[in-house]
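Q: Input structure: data_29.txt, which contains compact mmCIF, C-alpha atoms.
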```
# COMPACT_ATOMS: atom_id res chain seq x y z
CA MET A 1 -4.57 13.52 28.34
CA LYS A 2 -0.86 13.74 27.68
CA LYS A 3 0.22 14.51 24.14
CA GLU A 4 2.41 11.38 24.07
CA LEU A 5 -0.66 9.21 24.57
CA ILE A 6 -2.49 10.55 21.52
CA MET A 7 0.49 11.31 19.24
CA GLY A 8 2.00 7.87 18.69
CA ASN A 9 3.51 5.89 15.85
CA LEU A 10 1.33 4.38 13.18
CA ALA A 11 -0.24 1.15 14.41
CA HIS A 12 -1.64 -0.08 11.08
CA ILE A 13 -3.58 0.96 8.01
CA GLY A 14 -6.90 -0.77 7.37
CA ILE A 15 -7.85 -1.68 3.82
CA PHE A 16 -11.22 -3.09 2.81
CA VAL A 17 -10.82 -5.91 0.26
CA GLN A 18 -13.27 -8.02 -1.75
CA ASP A 19 -11.11 -11.17 -2.07
CA MET A 20 -8.97 -12.03 0.96
CA LYS A 21 -6.87 -14.72 -0.75
CA ARG A 22 -6.09 -12.51 -3.74
CA SER A 23 -5.12 -9.64 -1.42
CA GLU A 24 -2.99 -11.87 0.84
CA ASP A 25 -1.23 -13.33 -2.23
CA PHE A 26 -0.53 -9.80 -3.51
CA TYR A 27 0.79 -8.28 -0.26
CA CYS A 28 2.67 -11.38 0.95
CA GLY A 29 3.64 -12.93 -2.38
CA ILE A 30 4.47 -9.92 -4.53
CA LEU A 31 5.21 -7.08 -2.08
CA GLY A 32 7.02 -9.23 0.51
CA PHE A 33 4.82 -8.69 3.58
CA ASN A 34 4.54 -11.46 6.19
CA LYS A 35 1.21 -12.62 7.58
CA GLU A 36 1.30 -11.64 11.24
CA SER A 37 -2.11 -12.66 12.58
CA SER A 38 -5.73 -13.17 11.67
CA TYR A 39 -9.13 -12.64 13.26
CA LYS A 40 -11.94 -14.98 12.38
CA ASN A 41 -11.86 -15.51 8.62
CA ASN A 42 -12.30 -11.94 7.54
CA ILE A 43 -9.32 -9.96 8.91
CA ILE A 44 -5.59 -10.53 8.53
CA PHE A 45 -2.67 -8.37 9.57
CA VAL A 46 0.40 -8.31 7.32
CA ARG A 47 3.74 -6.69 8.18
CA ASN A 48 6.73 -5.41 6.24
CA GLY A 49 9.27 -3.84 8.60
CA ASN A 50 7.32 -1.47 10.85
CA LEU A 51 4.42 -1.10 8.39
CA VAL A 52 1.35 -3.13 9.33
CA LEU A 53 -1.72 -3.41 7.10
CA GLU A 54 -5.07 -4.75 8.26
CA LEU A 55 -6.87 -6.44 5.36
CA ILE A 56 -10.62 -6.51 6.05
CA CYS A 57 -13.06 -8.60 4.01
CA ASP A 58 -16.52 -7.91 5.42
CA GLY A 59 -18.67 -8.85 2.43
CA VAL A 60 -19.57 -5.24 1.66
CA ASP A 61 -18.63 -3.73 -1.72
CA HIS A 62 -15.97 -1.12 -0.86
CA LYS A 63 -14.76 -0.50 -4.40
CA PRO A 64 -13.87 3.15 -4.83
CA GLU A 65 -16.47 5.09 -6.79
CA ASN A 66 -13.86 7.65 -7.76
CA HIS A 67 -10.69 6.05 -9.11
CA ASN A 68 -8.93 9.43 -8.96
CA GLU A 69 -9.15 9.68 -5.17
CA LYS A 70 -6.12 11.19 -3.45
CA ARG A 71 -5.96 8.64 -0.62
CA HIS A 72 -3.13 6.17 -0.85
CA ILE A 73 -0.57 4.22 1.13
CA ALA A 74 3.06 5.16 0.58
CA LEU A 75 5.72 2.45 0.88
CA ALA A 76 9.41 3.35 1.21
CA CYS A 77 12.00 1.74 -1.06
CA LYS A 78 15.72 2.12 -1.78
CA ASN A 79 15.98 1.21 -5.49
CA ILE A 80 12.87 2.58 -7.17
CA GLU A 81 13.87 1.48 -10.68
CA ALA A 82 14.20 -2.14 -9.54
CA VAL A 83 10.88 -2.00 -7.68
CA HIS A 84 9.16 -0.42 -10.71
CA SER A 85 10.57 -3.14 -13.03
CA TYR A 86 9.58 -5.89 -10.59
CA LEU A 87 5.96 -4.72 -10.45
CA LEU A 88 5.78 -4.46 -14.25
CA GLU A 89 7.16 -8.01 -14.54
CA ASN A 90 4.33 -9.12 -12.24
CA LYS A 91 1.76 -7.32 -14.43
CA ILE A 92 0.86 -4.77 -11.74
CA GLU A 93 -0.94 -1.66 -13.06
CA ILE A 94 1.42 1.34 -12.86
CA GLU A 95 -0.15 4.79 -13.17
CA GLN A 96 1.30 7.14 -15.74
CA PRO A 97 3.73 8.87 -16.07
CA GLY A 98 5.71 6.21 -14.18
CA ILE A 99 8.57 7.27 -11.90
CA VAL A 100 8.34 10.97 -10.98
CA THR A 101 11.26 12.96 -9.55
CA LEU A 102 10.60 15.82 -7.13
CA PRO A 103 13.99 17.56 -6.73
CA ASP A 104 12.64 20.05 -4.17
CA SER A 105 11.08 17.49 -1.83
CA GLY A 106 13.31 17.09 1.23
CA THR A 107 17.05 17.69 1.36
CA ASN A 108 17.97 15.86 -1.85
CA GLY A 109 14.55 15.26 -3.39
CA CYS A 110 12.53 12.11 -3.84
CA ARG A 111 11.25 9.81 -6.56
CA TYR A 112 7.92 8.02 -6.59
CA PHE A 113 5.36 6.21 -8.68
CA MET A 114 1.74 5.27 -8.12
CA PHE A 115 0.19 1.86 -8.75
CA ARG A 116 -2.95 -0.12 -7.95
CA GLY A 117 -3.44 -3.12 -5.70
CA PRO A 118 -5.80 -6.00 -6.44
CA GLU A 119 -8.86 -4.08 -5.16
CA GLN A 120 -7.87 -0.92 -7.07
CA GLU A 121 -6.51 0.63 -3.88
CA ARG A 122 -4.06 3.38 -4.73
CA LEU A 123 -0.49 2.67 -3.60
CA GLU A 124 2.83 4.51 -3.92
CA PHE A 125 6.47 3.54 -3.77
CA GLN A 126 8.75 6.41 -2.72
CA GLU A 127 12.53 6.67 -2.61
CA ILE A 128 14.07 9.51 -0.59
CA LEU A 129 17.23 10.69 -2.35
```
Would you mind giving the structure from this file in structure tokens?
A:
Amino acid sequence: MKKELIMGNLAHIGIFVQDMKRSEDFYCGILGFNKESSYKNNIIFVRNGNLVLELICDGVDHKPENHNEKRHIALACKNIEAVHSYLLENKIEIEQPGIVTLPDSGTNGCRYFMFRGPEQERLEFQEIL
């Protein structure tokens, strides 16, 4: 098999959710994704730019047992202070210590902060400097 066939771009990231409406309202209403398609009543695909998330509500309790897990979804942004303020205004849980600067990450560094989605999924906003 050719390397190009197995080394492609990201197609989507699947997230198990408990409440489809709450999750759709969060991703589409607060984070600005657009609903792209749905399958039956338990899967929807939402898109923001070239990032596609598959929200899956299968009736099984997928809540993380370990809230300190390292897995997360990183979302790019251009004005991290404005994004951080916007999420706080919408009462979204931001992990401490807030915005972190990594001066040695990449050419000019990066800034990021971690937060939780409606199902306690761990999310990150990152700004490349």
Q: Could the residues of stretch 80-126 of chain A that have an atom at most 12 Å from stretch 32-37 of chain A be listed as CSV, each with its closest atom pair and the distance in Å to one decimal, counting only C-alpha atoms and ordered by chain and ascending residue number?
A:
```
residue,atom,partner,partner_atom,distance
A:Val83,CA,A:Gly32,CA,11.6
A:Tyr86,CA,A:Gly32,CA,11.9
A:Leu87,CA,A:Gly32,CA,11.9
```
Q: Output C-alpha atoms for every residue in that selection, as an mmCIF file, in the coordinates of the input.
A:
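And here is the file that came out, again31.cif:
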```
data_model
loop_
_atom_site.group_PDB
_atom_site.id
_atom_site.type_symbol
_atom_site.label_atom_id
_atom_site.label_comp_id
_atom_site.auth_asym_id
_atom_site.auth_seq_id
_atom_site.Cartn_x
_atom_site.Cartn_y
_atom_site.Cartn_z
ATOM 1 C CA VAL A 83 10.880 -2.000 -7.680
ATOM 2 C CA TYR A 86 9.580 -5.890 -10.590
ATOM 3 C CA LEU A 87 5.960 -4.720 -10.450
#
```
Q: Taking (5.3, 3.0, -13.5) in the coordinates of the supplied file, I want to know which residues reach to within 9 Å of it, counting all atoms listed in the file; could you give the answer as a list in words?
A: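 The requested residues, written out, are His84, Ser85, Leu87, Leu88, Glu93, Ile94, Glu95, Gln96, Pro97, Gly98, Ile99, Val100, Tyr112, Phe113, Met114 and Phe115 of chain A.
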Q: Mind giving me the straight-line distance from atom CA of A:Glu24 to atom CA of A:Val46 in Å, one decimal?
A: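 Rounded to one decimal, the two atoms are 8.1 Å apart.
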Q: Please provide as JSON, numbers by chain all residues within 12 Å of A:Ser23, with the sequence filter that same-chain residues fewer than 2 positions apart are discarded (counting all atoms listed in the file).
A: {"A": [15, 16, 17, 18, 19, 20, 21, 25, 26, 27, 28, 29, 30, 31, 33, 35, 42, 43, 44, 45, 46, 53, 54, 55, 56, 57, 116, 117, 118, 119, 120, 121]}
Q: Just give me the gap between atom CA of A:Gly59 and atom CA of A:His12 in Å, one decimal is fine.
A: 21.0 Å
Q: Work out how far atom CA of A:Asn41 is from atom CA of A:Asp58, in Å to one decimal.
A: 9.5 Å
Q: Nearest residue to A:Asp104 out of A:Asn79, A:Ile128, A:Ile92, A:Tyr39, using all atoms listed in the file?
A: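 Closest residue, counting all atoms listed in the file: A:Ile128.
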Q: When you count all atoms listed in the file, which of these residues is closest to A:Leu123: A:Leu102, A:Ile73, A:Cys110, A:Ala82?
A: A:Ile73
Q: Write stretch 87-103 of chain A as a PDB file, in the frame of the given file, completed to N, CA, C and O atoms.
A:
```pdb
ATOM      1  N   LEU A  87       7.416  -4.772 -10.373  1.00  0.00           N
ATOM      2  CA  LEU A  87       5.960  -4.720 -10.450  1.00  0.00           C
ATOM      3  C   LEU A  87       5.476  -4.896 -11.877  1.00  0.00           C
ATOM      4  O   LEU A  87       4.491  -5.600 -12.122  1.00  0.00           O
ATOM      5  N   LEU A  88       6.157  -4.277 -12.838  1.00  0.00           N
ATOM      6  CA  LEU A  88       5.780  -4.460 -14.250  1.00  0.00           C
ATOM      7  C   LEU A  88       5.910  -5.921 -14.665  1.00  0.00           C
ATOM      8  O   LEU A  88       5.028  -6.446 -15.361  1.00  0.00           O
ATOM      9  N   GLU A  89       6.982  -6.585 -14.232  1.00  0.00           N
ATOM     10  CA  GLU A  89       7.160  -8.010 -14.540  1.00  0.00           C
ATOM     11  C   GLU A  89       6.020  -8.846 -13.983  1.00  0.00           C
ATOM     12  O   GLU A  89       5.672  -9.885 -14.549  1.00  0.00           O
ATOM     13  N   ASN A  90       5.439  -8.398 -12.863  1.00  0.00           N
ATOM     14  CA  ASN A  90       4.330  -9.120 -12.240  1.00  0.00           C
ATOM     15  C   ASN A  90       2.970  -8.603 -12.701  1.00  0.00           C
ATOM     16  O   ASN A  90       1.956  -8.878 -12.068  1.00  0.00           O
ATOM     17  N   LYS A  91       2.987  -7.821 -13.785  1.00  0.00           N
ATOM     18  CA  LYS A  91       1.760  -7.320 -14.430  1.00  0.00           C
ATOM     19  C   LYS A  91       0.891  -6.477 -13.484  1.00  0.00           C
ATOM     20  O   LYS A  91      -0.332  -6.543 -13.520  1.00  0.00           O
ATOM     21  N   ILE A  92       1.558  -5.673 -12.638  1.00  0.00           N
ATOM     22  CA  ILE A  92       0.860  -4.770 -11.740  1.00  0.00           C
ATOM     23  C   ILE A  92       0.635  -3.450 -12.482  1.00  0.00           C
ATOM     24  O   ILE A  92       1.542  -2.930 -13.130  1.00  0.00           O
ATOM     25  N   GLU A  93      -0.572  -2.909 -12.382  1.00  0.00           N
ATOM     26  CA  GLU A  93      -0.940  -1.660 -13.060  1.00  0.00           C
ATOM     27  C   GLU A  93      -0.179  -0.480 -12.456  1.00  0.00           C
ATOM     28  O   GLU A  93      -0.344  -0.151 -11.288  1.00  0.00           O
ATOM     29  N   ILE A  94       0.670   0.152 -13.263  1.00  0.00           N
ATOM     30  CA  ILE A  94       1.420   1.340 -12.860  1.00  0.00           C
ATOM     31  C   ILE A  94       0.715   2.546 -13.462  1.00  0.00           C
ATOM     32  O   ILE A  94       0.394   2.553 -14.650  1.00  0.00           O
ATOM     33  N   GLU A  95       0.465   3.571 -12.648  1.00  0.00           N
ATOM     34  CA  GLU A  95      -0.150   4.790 -13.170  1.00  0.00           C
ATOM     35  C   GLU A  95       0.883   5.584 -13.954  1.00  0.00           C
ATOM     36  O   GLU A  95       2.067   5.573 -13.649  1.00  0.00           O
ATOM     37  N   GLN A  96       0.425   6.270 -14.939  1.00  0.00           N
ATOM     38  CA  GLN A  96       1.300   7.140 -15.740  1.00  0.00           C
ATOM     39  C   GLN A  96       1.556   8.415 -14.962  1.00  0.00           C
ATOM     40  O   GLN A  96       0.711   8.829 -14.192  1.00  0.00           O
ATOM     41  N   PRO A  97       2.667   9.068 -15.078  1.00  0.00           N
ATOM     42  CA  PRO A  97       3.730   8.870 -16.070  1.00  0.00           C
ATOM     43  C   PRO A  97       4.846   7.950 -15.603  1.00  0.00           C
ATOM     44  O   PRO A  97       5.970   8.056 -16.098  1.00  0.00           O
ATOM     45  N   GLY A  98       4.635   7.087 -14.668  1.00  0.00           N
ATOM     46  CA  GLY A  98       5.710   6.210 -14.180  1.00  0.00           C
ATOM     47  C   GLY A  98       6.451   6.872 -13.029  1.00  0.00           C
ATOM     48  O   GLY A  98       5.841   7.520 -12.182  1.00  0.00           O
ATOM     49  N   ILE A  99       7.764   6.719 -12.997  1.00  0.00           N
ATOM     50  CA  ILE A  99       8.570   7.270 -11.900  1.00  0.00           C
ATOM     51  C   ILE A  99       8.672   8.790 -12.062  1.00  0.00           C
ATOM     52  O   ILE A  99       9.057   9.285 -13.110  1.00  0.00           O
ATOM     53  N   VAL A 100       8.312   9.503 -11.002  1.00  0.00           N
ATOM     54  CA  VAL A 100       8.340  10.970 -10.980  1.00  0.00           C
ATOM     55  C   VAL A 100       9.436  11.410 -10.021  1.00  0.00           C
ATOM     56  O   VAL A 100       9.565  10.850  -8.931  1.00  0.00           O
ATOM     57  N   THR A 101      10.222  12.404 -10.418  1.00  0.00           N
ATOM     58  CA  THR A 101      11.260  12.960  -9.550  1.00  0.00           C
ATOM     59  C   THR A 101      10.822  14.324  -9.058  1.00  0.00           C
ATOM     60  O   THR A 101      10.384  15.165  -9.851  1.00  0.00           O
ATOM     61  N   LEU A 102      10.899  14.517  -7.745  1.00  0.00           N
ATOM     62  CA  LEU A 102      10.600  15.820  -7.130  1.00  0.00           C
ATOM     63  C   LEU A 102      11.901  16.325  -6.507  1.00  0.00           C
ATOM     64  O   LEU A 102      12.219  15.989  -5.365  1.00  0.00           O
ATOM     65  N   PRO A 103      12.677  17.121  -7.235  1.00  0.00           N
ATOM     66  CA  PRO A 103      13.990  17.560  -6.730  1.00  0.00           C
ATOM     67  C   PRO A 103      13.899  18.452  -5.497  1.00  0.00           C
ATOM     68  O   PRO A 103      14.848  18.520  -4.722  1.00  0.00           O
TER      69      PRO A 103
END
```
